[in-house]
Each structure stands twice: as structure tokens, then as C-alpha cells.
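These notes concern the structure reproduced below.
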Amino acid sequence: MAITQNKKGIIIRCSDDTGVCILKDKIGDRQYIFNYNKIKGYRGEYAKEIDLKKGRNVNFSVDESRGTISSVELI
Amino acid sequence: MQLILNPDDVPSGYCCPPSLMPSSVRKFGKLPNVDDWKPGDLILVSSLTPNYVQKAIKIVQEKGGYHPEHAQWHHAAVYLGDYGLCEATRTGVKAGKIYPYIGGYRIRVRRDMTLTDDLRWKIAVQALLSLNVSYSYKSIIEILIQSRDGWWKNNFKPRNTSDRAVICSRLYSDAYGNVTNKTVEQQYNTPVTPAQLSCCTLFQDVQTHWQTI
């Protein structure tokens with residue numbers, strides 16, 4: 001399982017109803033979808049409570065073999 | 001090539017009606033053969049006699065850059081099994097039967113063929129978890145504004161939309177993304193629309209046909 005860490009991204013959309021976010025890799029056009037529970041330290045908060053919104057910068061890690069997010073850190 | 005169920009296609013075979021159904025469907029005399037449909041499938045519909053809103057969606061999608069072949073699909077829903085659908089309507093996310101779309105609509109079924117049945121069920125459940133969430137008129141207005149310039153122009157700034165509202169295509173894309181971690185939103189900030197779901201390469205069409213009631 002090859003994981004690429006510390007990639008820089010920006011949140012494009014998040015939805016409390018479904019608990020998913022879309023982020024865009026700042027390098028290149030790749031977009032990823034992830035569940036809120038991928039956020040480091042997440043304890044079930046609503047997006048507003050952790051200032052999770054469009055335009056928020058994040059660091060994220062990707063499982064390259066699956067092309068999916070393994071973790072996200074809000075910065 | 002799209003595999004489309006047109007209302008005037010000739011039926012093949014017979015089916016026993018599953019339960020009560022509207023007289024309009026009995027009069028139409030045909031039901032889709034859902035034996036090959038699976039819960040979690042994407043259902044796209046296109047009205048043969050679109051009303052004002054349906055026409056507007058088609059026009060907006062064409063203006064946004066989609067080929068008419070894809071822009072014709074103005075509504076998306078999640079198949080639940082047993083002729084059931086979960087969809088975002090103007091009165092919110094509802095669960096019901098496919099019957100309103102029998103007779104006056106083209107129907108198309110799409111599926112990510114790499115998924116297991118277990119994951120497909122999870123997609124259906126994720127969609128149902130949004131029951132009663134209100135319809136996002138704000139998203140529709142955003143889509144209209146953005147389509148004027150064309151969605152292929154990759155220069156939109158992020159906009160805030162309501163968290164507690166959804167449109168039909170996003171209901172499916174979020175449920176799908178939540179379960180699979182795959183996103184159907186292919187370009188930066190391009191809104192997910194039925195047309196995008198129509199041409200998304202993550203899905204393939206499912207062959208289907210009518211059966212006589």
C-alpha cells in the first residue's frame with residue numbers, strides 16, 4: 001500500500017447531509033472525495049464547528065494503489 | 001452508445017404487476033424489466049414532453065457545454081429495487097416508485113460495473129439517509145449562472161452553497177462517492193448535473209427492455 005503524504009489541497013465542497021467533502025489537489029487537477037471521518041481528530045462535528053468549508057486549505061494523504069484519500073488534516 | 005428505454009419500444013415478454021400501480025401505467029401496458037437492475041443503480045430520465053423546468057435544465061446543460069445526447073437527461077435518481085427510486089424533487093428528497101416516469105419518459109440505467117452488490121446496497125442506503133432533505137434551489141441558480149460562460153472554462157471561484165439541501169444529480173454523486181471514494185466531479189468546481197452523470201466514464205449502461213403487463 002503506497003501512501004503519498006503531505007499533499008496540499010483545497011476544499012471545493014462539503015455536505016453535512018452526506019458527510020462527504022470534495023477536495024482538489026493544488027498541484028494538478030485531480031479531485032478526491034472523502035468522508036468527514038478521514039479528517040484527523042474528527043469527533044463527529046458539523047462542518048461549521050470545525051470551519052470546514054469551501055476554500056479551506058488542507059494537507060492530505062493518498063493511497064496511491066486505490067487513488068483514494070487516506071487522511072486529511074485541516075490547516 | 002447509450003442504451004435507452006423509449007416508451008414506444010416493443011416489449012419482449014410478460015410480467016406480473018408487482019403490486020398496486022397507477023391506472024396510467026396499466027393503460028400504458030408495459031413495465032421495464034427490472035430483473036437486471038440493481039439497488040444503487042443510477043436512473044436517468046428524459047421527458048418526451050418536457051415542461052418549462054425540464055426544458056430549462058436541458059438548455060442550461062447544453063449551454064454549459066454538454067452534447068444534446070447528454071443534455072437531454074434532466075433528472076437523476078437512485079434505484080432501490082422493486083421499482084423503487086430515491087430522488088431529489090422540488091419538495092425534497094423522496095422515496096417512491098418509478099411509475100411517474102413510465103410512458104412519458106425515456107429511461108436509462110447506468111452502473112459502475114466494478115462494484116459489488118454490497119457496495120451498491122450501501123449507495124442506495126446512503127441516498128435514503130438524505131430523505132426529507134430540502135431541494136437546493138440555490139444550487140440550481142448557481143448552475144444557471146455558471147452555464148452562461150460554459151463549464152469547460154476552468155476558472156470558477158469556490159461558492160458557498162447550503163449544506164442542508166441537494167439536487168438530484170448530487171444526491172447520486174454524493175451517495176456514490178461516500179461509498180466508493182470516487183468522485184464524478186471531473187473538473188474544478190463543475191457542478192454535477194444529470195448530463196455529467198450521463199457521460200461519466202465511471203458508469204456503463206445497463207441493457208433493459210419493456211415487458212407487457
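Each chain in the C-alpha cells gets a letter, A, B and so on, in the order shown; residues start at 1 in every chain, and ligands are counted from 1 in the order they appear.
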Residue contacts of Val72 of chain A (10 Å, only C-alpha atoms) excluding same-chain residues fewer than 6 positions away, as a compact mmCIF listing (two decimals) with N, CA, C and O atoms, in the first residue's frame:
# COMPACT_ATOMS: atom_id res chain seq x y z
N GLN A 5 2.15 11.26 1.25
CA GLN A 5 1.68 12.12 2.34
C GLN A 5 1.97 13.58 2.04
O GLN A 5 2.71 13.91 1.13
N ASN A 6 1.35 14.43 2.88
CA ASN A 6 1.61 15.87 2.85
C ASN A 6 1.40 16.50 1.50
O ASN A 6 2.18 17.34 1.05
N LYS A 7 0.34 16.09 0.84
CA LYS A 7 -0.05 16.79 -0.38
C LYS A 7 -0.92 17.98 0.04
O LYS A 7 -1.60 17.94 1.08
N LYS A 8 -0.86 19.02 -0.78
CA LYS A 8 -1.62 20.24 -0.45
C LYS A 8 -2.90 20.27 -1.27
O LYS A 8 -2.87 20.01 -2.48
N GLY A 9 -3.98 20.59 -0.60
CA GLY A 9 -5.26 20.64 -1.32
C GLY A 9 -6.14 21.77 -0.83
O GLY A 9 -5.82 22.46 0.14
N LEU A 23 -12.15 17.57 -2.35
CA LEU A 23 -11.00 18.47 -2.35
C LEU A 23 -10.28 18.37 -3.68
O LEU A 23 -10.39 17.39 -4.41
N PHE A 34 -13.97 12.47 0.04
CA PHE A 34 -13.65 11.76 1.27
C PHE A 34 -14.74 11.99 2.30
O PHE A 34 -15.44 13.00 2.29
N ASN A 35 -14.85 11.03 3.19
CA ASN A 35 -15.81 11.14 4.28
C ASN A 35 -15.18 11.97 5.40
O ASN A 35 -13.96 11.97 5.58
N TYR A 36 -16.01 12.68 6.14
CA TYR A 36 -15.52 13.53 7.24
C TYR A 36 -14.61 12.76 8.19
O TYR A 36 -13.69 13.31 8.79
N ASN A 37 -14.87 11.46 8.33
CA ASN A 37 -14.10 10.71 9.33
C ASN A 37 -12.65 10.48 8.91
O ASN A 37 -11.88 9.89 9.66
N LYS A 38 -12.29 10.94 7.73
CA LYS A 38 -10.88 10.88 7.31
C LYS A 38 -10.09 12.06 7.88
O LYS A 38 -8.85 12.09 7.80
N ILE A 39 -10.79 13.03 8.44
CA ILE A 39 -10.13 14.22 8.98
C ILE A 39 -9.50 13.86 10.32
O ILE A 39 -10.15 13.29 11.20
N LYS A 40 -8.24 14.23 10.48
CA LYS A 40 -7.50 13.89 11.71
C LYS A 40 -8.19 14.54 12.90
O LYS A 40 -8.49 15.74 12.88
N GLY A 41 -8.42 13.74 13.95
CA GLY A 41 -9.03 14.28 15.15
C GLY A 41 -10.53 14.50 15.07
O GLY A 41 -11.13 15.08 15.96
N TYR A 42 -11.14 14.02 14.02
CA TYR A 42 -12.58 14.26 13.83
C TYR A 42 -13.39 13.51 14.88
O TYR A 42 -13.14 12.32 15.14
N VAL A 58 -5.96 22.34 3.05
CA VAL A 58 -5.76 21.10 3.80
C VAL A 58 -4.46 20.43 3.35
O VAL A 58 -3.97 20.67 2.25
N ASN A 59 -3.92 19.59 4.25
CA ASN A 59 -2.90 18.63 3.85
C ASN A 59 -3.59 17.29 3.76
O ASN A 59 -4.46 16.99 4.58
N PHE A 60 -3.22 16.47 2.82
CA PHE A 60 -3.88 15.17 2.72
C PHE A 60 -2.90 14.10 2.24
O PHE A 60 -1.85 14.39 1.68
N SER A 61 -3.29 12.88 2.54
CA SER A 61 -2.50 11.71 2.11
C SER A 61 -3.37 10.86 1.20
O SER A 61 -4.57 10.74 1.43
N VAL A 62 -2.72 10.25 0.23
CA VAL A 62 -3.45 9.45 -0.77
C VAL A 62 -2.90 8.03 -0.80
O VAL A 62 -1.68 7.84 -0.79
Long-range neighbours of Tyr32 of chain A as a PyMOL selection string, 8 Å cut-off, only C-alpha atoms, 3 positions minimum in chain: (chain A and resi 22-25+68-69) or (chain B and resi 181-183)
Mind dumping a table of every chain A residue within 7 Å of chain B, with the nearest atom pair and its distance in Å to one decimal, using only C-alpha atoms, sorted by chain and rising number, as CSV?
residue,atom,partner,partner_atom,distance
A:Ile12,CA,B:Pro158,CA,6.3
A:Ser15,CA,B:Asp163,CA,5.1
A:Asp16,CA,B:Asp163,CA,5.7
A:Asp17,CA,B:Arg164,CA,6.2
A:Thr18,CA,B:Asp174,CA,6.7
A:Val20,CA,B:Asn178,CA,6.2
A:Asp29,CA,B:Tyr188,CA,6.9
A:Tyr32,CA,B:Thr183,CA,6.1
A:Ile33,CA,B:Asn181,CA,5.5
A:Phe34,CA,B:Asn181,CA,6.0
A:Asn35,CA,B:Asn178,CA,6.2
A:Lys54,CA,B:Pro158,CA,6.1
A:Gly55,CA,B:Pro158,CA,6.4
A:Thr68,CA,B:Asn181,CA,6.1
Let me see the file: selected residues, N, CA, C and O atoms, as a PDB file, in the first residue's frame.
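Dumped everything to out.pdb:
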ATOM      1  N   ILE A  12     -13.332  21.950  -2.055  1.00  0.00           N
ATOM      2  CA  ILE A  12     -14.224  22.502  -3.075  1.00  0.00           C
ATOM      3  C   ILE A  12     -15.666  22.497  -2.583  1.00  0.00           C
ATOM      4  O   ILE A  12     -16.439  23.413  -2.821  1.00  0.00           O
ATOM      5  N   SER A  15     -20.607  18.541   2.513  1.00  0.00           N
ATOM      6  CA  SER A  15     -22.035  18.353   2.723  1.00  0.00           C
ATOM      7  C   SER A  15     -22.271  17.649   4.049  1.00  0.00           C
ATOM      8  O   SER A  15     -21.882  16.488   4.213  1.00  0.00           O
ATOM      9  N   ASP A  16     -22.914  18.357   4.982  1.00  0.00           N
ATOM     10  CA  ASP A  16     -23.226  17.746   6.275  1.00  0.00           C
ATOM     11  C   ASP A  16     -24.222  16.596   6.130  1.00  0.00           C
ATOM     12  O   ASP A  16     -24.210  15.654   6.909  1.00  0.00           O
ATOM     13  N   ASP A  17     -25.091  16.687   5.129  1.00  0.00           N
ATOM     14  CA  ASP A  17     -26.109  15.648   4.972  1.00  0.00           C
ATOM     15  C   ASP A  17     -25.495  14.289   4.695  1.00  0.00           C
ATOM     16  O   ASP A  17     -25.950  13.274   5.199  1.00  0.00           O
ATOM     17  N   THR A  18     -24.474  14.292   3.862  1.00  0.00           N
ATOM     18  CA  THR A  18     -23.876  13.023   3.471  1.00  0.00           C
ATOM     19  C   THR A  18     -22.532  12.791   4.140  1.00  0.00           C
ATOM     20  O   THR A  18     -21.990  11.701   4.075  1.00  0.00           O
ATOM     21  N   VAL A  20     -19.661  14.051   3.325  1.00  0.00           N
ATOM     22  CA  VAL A  20     -18.551  13.935   2.376  1.00  0.00           C
ATOM     23  C   VAL A  20     -18.054  15.314   1.973  1.00  0.00           C
ATOM     24  O   VAL A  20     -18.789  16.296   2.018  1.00  0.00           O
ATOM     25  N   ASP A  29      -5.038  18.799 -11.524  1.00  0.00           N
ATOM     26  CA  ASP A  29      -6.486  18.987 -11.483  1.00  0.00           C
ATOM     27  C   ASP A  29      -7.223  17.856 -10.790  1.00  0.00           C
ATOM     28  O   ASP A  29      -8.440  17.828 -10.793  1.00  0.00           O
ATOM     29  N   TYR A  32     -10.625  14.667  -5.270  1.00  0.00           N
ATOM     30  CA  TYR A  32     -10.865  13.498  -4.429  1.00  0.00           C
ATOM     31  C   TYR A  32     -12.114  13.731  -3.584  1.00  0.00           C
ATOM     32  O   TYR A  32     -12.396  14.858  -3.178  1.00  0.00           O
ATOM     33  N   ILE A  33     -12.811  12.650  -3.293  1.00  0.00           N
ATOM     34  CA  ILE A  33     -13.940  12.729  -2.370  1.00  0.00           C
ATOM     35  C   ILE A  33     -13.545  11.968  -1.109  1.00  0.00           C
ATOM     36  O   ILE A  33     -12.837  10.971  -1.173  1.00  0.00           O
ATOM     37  N   PHE A  34     -13.965  12.469   0.040  1.00  0.00           N
ATOM     38  CA  PHE A  34     -13.654  11.758   1.274  1.00  0.00           C
ATOM     39  C   PHE A  34     -14.740  11.988   2.301  1.00  0.00           C
ATOM     40  O   PHE A  34     -15.443  12.999   2.285  1.00  0.00           O
ATOM     41  N   ASN A  35     -14.848  11.031   3.189  1.00  0.00           N
ATOM     42  CA  ASN A  35     -15.805  11.135   4.285  1.00  0.00           C
ATOM     43  C   ASN A  35     -15.180  11.973   5.395  1.00  0.00           C
ATOM     44  O   ASN A  35     -13.957  11.970   5.580  1.00  0.00           O
ATOM     45  N   LYS A  54     -15.752  25.509   1.811  1.00  0.00           N
ATOM     46  CA  LYS A  54     -15.091  25.729   0.531  1.00  0.00           C
ATOM     47  C   LYS A  54     -13.963  26.730   0.704  1.00  0.00           C
ATOM     48  O   LYS A  54     -14.102  27.738   1.366  1.00  0.00           O
ATOM     49  N   GLY A  55     -12.842  26.412   0.071  1.00  0.00           N
ATOM     50  CA  GLY A  55     -11.708  27.311   0.116  1.00  0.00           C
ATOM     51  C   GLY A  55     -10.732  27.012   1.238  1.00  0.00           C
ATOM     52  O   GLY A  55      -9.648  27.599   1.284  1.00  0.00           O
ATOM     53  N   THR A  68      -7.353   6.865  -3.519  1.00  0.00           N
ATOM     54  CA  THR A  68      -8.331   7.405  -2.569  1.00  0.00           C
ATOM     55  C   THR A  68      -7.604   8.089  -1.405  1.00  0.00           C
ATOM     56  O   THR A  68      -6.458   7.799  -1.105  1.00  0.00           O
TER      57      THR A  68
END
Leu44 of chain B environment, 6 Å, only C-alpha atoms, sequence neighbours closer than 2 positions dropped, as a VMD selection string: chain B and resid 75 to 76 107 to 108
Of the listed residues B:Ala95, B:Ile102, B:Ala77, B:Leu119, that which approaches Trp210 of chain B most closely, counting only C-alpha atoms: B:Ile102
